[in-house]
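Asks: Here it is, the structure in full.
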Amino acid sequence: MRGASSTTGCPGIGCGKIEAVDSDTVATTPRLTLRLHRSGDLDRLVAIHSRPDVARYLLQEPWTVEDGEAQLARRLRRTDLAEPVGTLALVVERDDLLIGTVSLWRTEQERRTVEIGWTLDPAHGGGGYATEAVAAGLRLAFGQDDVHRVTAQLDARNAASERLAARVGMRQEAHHRQDFWSKGEWTDTLVFAVLADEHGQQRGTDQPASTDSTGS
């Protein structure tokens with residue numbers, strides 16, 4: 001399942017350590033808060049997902065308010081990556097403003113594999129926020145004792161998310177040609193992945209990375 005749209009840039013694989021906190025906040029990084037969805041998030045979610053440049057590489061058409069209500073109702077139930085829920089939908093906040101989302105879910109094919117997807121408001125692109133948030137998402141996934149592997153599936157035209165996946169230490173494992181019918185045309189899918197032991201090694205040897213201000 002595809003789910004990545006971003007404008008990226010971040011000064012390193014780790015982009016800071018996670019600090020777990022109380023209430024509906026799942027993790028914090030030096031600049032961001034990752035928390036569960038709230039009913040009051042509707043307006044900001046619709047503002048981001050109604051943009052054609054955000055929706056272009058995602059599964060859905062640009063959201064209407066009704067779409068946003070339906071999506072938010074689902075996300076409010078996605079609160080725990082551990083079984084039996086097996087899915088975690090988070091919003092990304094910068095200075096109390098919702099600027100994106102990160103989602104994690106266990107795949108039906110292999111329960112020790114987690115898939116990750118993300119979105120970022122293009123108005124906040126170029127500052128490394130998406131990379132910082134996705135890096136935090138990977139640490140949350142591998143914080144589950146049983147998770148062996150994390151994958152991401154991207155529209156192959158989404159160059160910004162492709163670079164982001166590589167920046168956080170994922171490797172490209174496949175390029176499926178015209179395998180997915182999306183918005184009236186056949187599109188290619190890129191599959192990225194990282195293993196738990198690889199992620200652990202990367203965290204011990206984080207190196208600076210160049211920033212990237214190209215939007216998706």
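Chains: A, B, ... in order of the structure tokens. Residues: from 1 per chain. Ligands: from 1, in order shown.
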Among chain A, which residues carry a DSSP assignment of alpha helix (DSSP H), reported as a count of residues only?
Replies: 55
Asks: Using only C-alpha atoms, what table do you get, as CSV, when you list each residue of segment 26-106 of chain A with an atom no more than 9 Å from segment 167-188 of chain A, its nearest pair of atoms, and their distance in Å rounded to one decimal, rows by chain then rising number?
Replies:
```
residue,atom,partner,partner_atom,distance
A:Arg56,CA,A:Lys183,CA,8.4
A:Tyr57,CA,A:Ser182,CA,8.6
A:Leu58,CA,A:Ser182,CA,8.7
A:Leu59,CA,A:Ser182,CA,7.1
A:Gln60,CA,A:Lys183,CA,8.5
A:Glu61,CA,A:Lys183,CA,7.6
```
Asks: Mind writing the picked residues with C-alpha atoms as a CSV table (one decimal), in the first residue's frame?
Replies:
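File produced: result39.csv:
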```csv
chain,number,residue,atom,x,y,z
A,56,ARG,CA,-0.8,13.3,-6.5
A,57,TYR,CA,1.3,10.4,-5.2
A,58,LEU,CA,-1.2,9.1,-2.6
A,59,LEU,CA,-4.0,6.6,-3.0
A,60,GLN,CA,-6.8,9.1,-2.5
A,61,GLU,CA,-8.0,12.0,-4.6
```
Asks: Can you tell me, as a list in words, what residues are no more than 10 Å from Glu198 of chain A when counting only C-alpha atoms, ignoring any on the same chain fewer than 3 positions away?
Replies: Arg149, Gly169, Met170, Val194, Leu195, Gln201, Gln202 and Arg203 of chain A
Asks: Suppose we keep C-alpha atoms; can you now write the selection as a compact mmCIF listing (two decimals), in the first residue's frame?
Replies:
```txt
# COMPACT_ATOMS: atom_id res chain seq x y z
CA ARG A 149 11.62 -5.36 9.04
CA GLY A 169 18.68 4.29 5.90
CA MET A 170 16.18 2.30 3.82
CA VAL A 194 15.34 -1.77 6.33
CA LEU A 195 15.98 -4.60 8.81
CA GLN A 201 23.97 -0.28 13.10
CA GLN A 202 22.96 2.94 11.35
CA ARG A 203 21.93 4.58 14.61
```
Asks: Need to verify the contact set: Arg44 of chain A, 12 Å, only C-alpha atoms, exclusion of same-chain residues closer than 2 positions in sequence. Can you return it as a ChimeraX atom specification?
Replies: /A:37-42,46-51,63,65,68-69,72,91-93,96-101,120-121
Asks: Looking at A:Thr189, A:Thr28, A:Asn158, A:Gln144, which one is nearest to Leu81 of chain A, with distances taken over only C-alpha atoms?
Replies: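 So, comparing all the options, the nearest one is A:Gln144.
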Asks: Excluding Asp146 of chain A and its own-chain neighbours fewer than 3 positions away, which residues fall within 9 Å of it when counting only C-alpha atoms? Please give them as number ranges by chain.
Replies: A: 111-113, 142-143
Asks: Would you write out those residues with C-alpha atoms, as a tab-separated table (two decimals), in the first residue's frame?
Replies:
```tsv
chain	number	residue	atom	x	y	z
A	111	ARG	CA	3.15	-9.83	11.08
A	112	ARG	CA	6.78	-9.12	11.98
A	113	THR	CA	6.93	-6.62	9.13
A	142	PHE	CA	11.86	-1.13	15.86
A	143	GLY	CA	11.05	-0.33	19.46
```
Asks: Out of A:Gly127, A:Glu115, A:Glu132, A:Leu90, which residue has the shortest atom-to-atom distance to Arg77 of chain A when counting only C-alpha atoms?
Replies: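 Residue with the minimum atom-to-atom distance to Arg77 of chain A: A:Leu90.
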Asks: Could you give me the residues within segment 12-138 of chain A that DSSP places in strand (DSSP E), as a ChimeraX atom specification?
Replies: /A:25-28,33-36,79-80,87-94,97-106,113-120
Asks: One decimal, Å: what's the distance from atom CA of Leu34 of chain A over to atom CA of Ala82 of chain A, could you say?
Replies: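 Spanning atom CA of Leu34 of chain A to atom CA of Ala82 of chain A is a straight-line distance of 17.0 Å.
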Asks: Figure out the distance between atom CA of Ala123 of chain A and atom CA of Thr151 of chain A, please, to one decimal in Å.
Replies: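 We find that atom CA of Thr151 of chain A and atom CA of Ala123 of chain A lie 26.6 Å from each other.
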Asks: So what do you get for atom CA of Leu36 of chain A versus atom CA of Tyr129 of chain A, distance-wise?
Replies: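 Atom-to-atom, atom CA of Leu36 of chain A and atom CA of Tyr129 of chain A are spaced 17.6 Å apart.
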Asks: Between A:Ala27, A:Val102, A:Leu138, A:Leu164, which is the closest to Gly126 of chain A once you count only C-alpha atoms?
Replies: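 The closest residue to Gly126 of chain A is A:Leu164.
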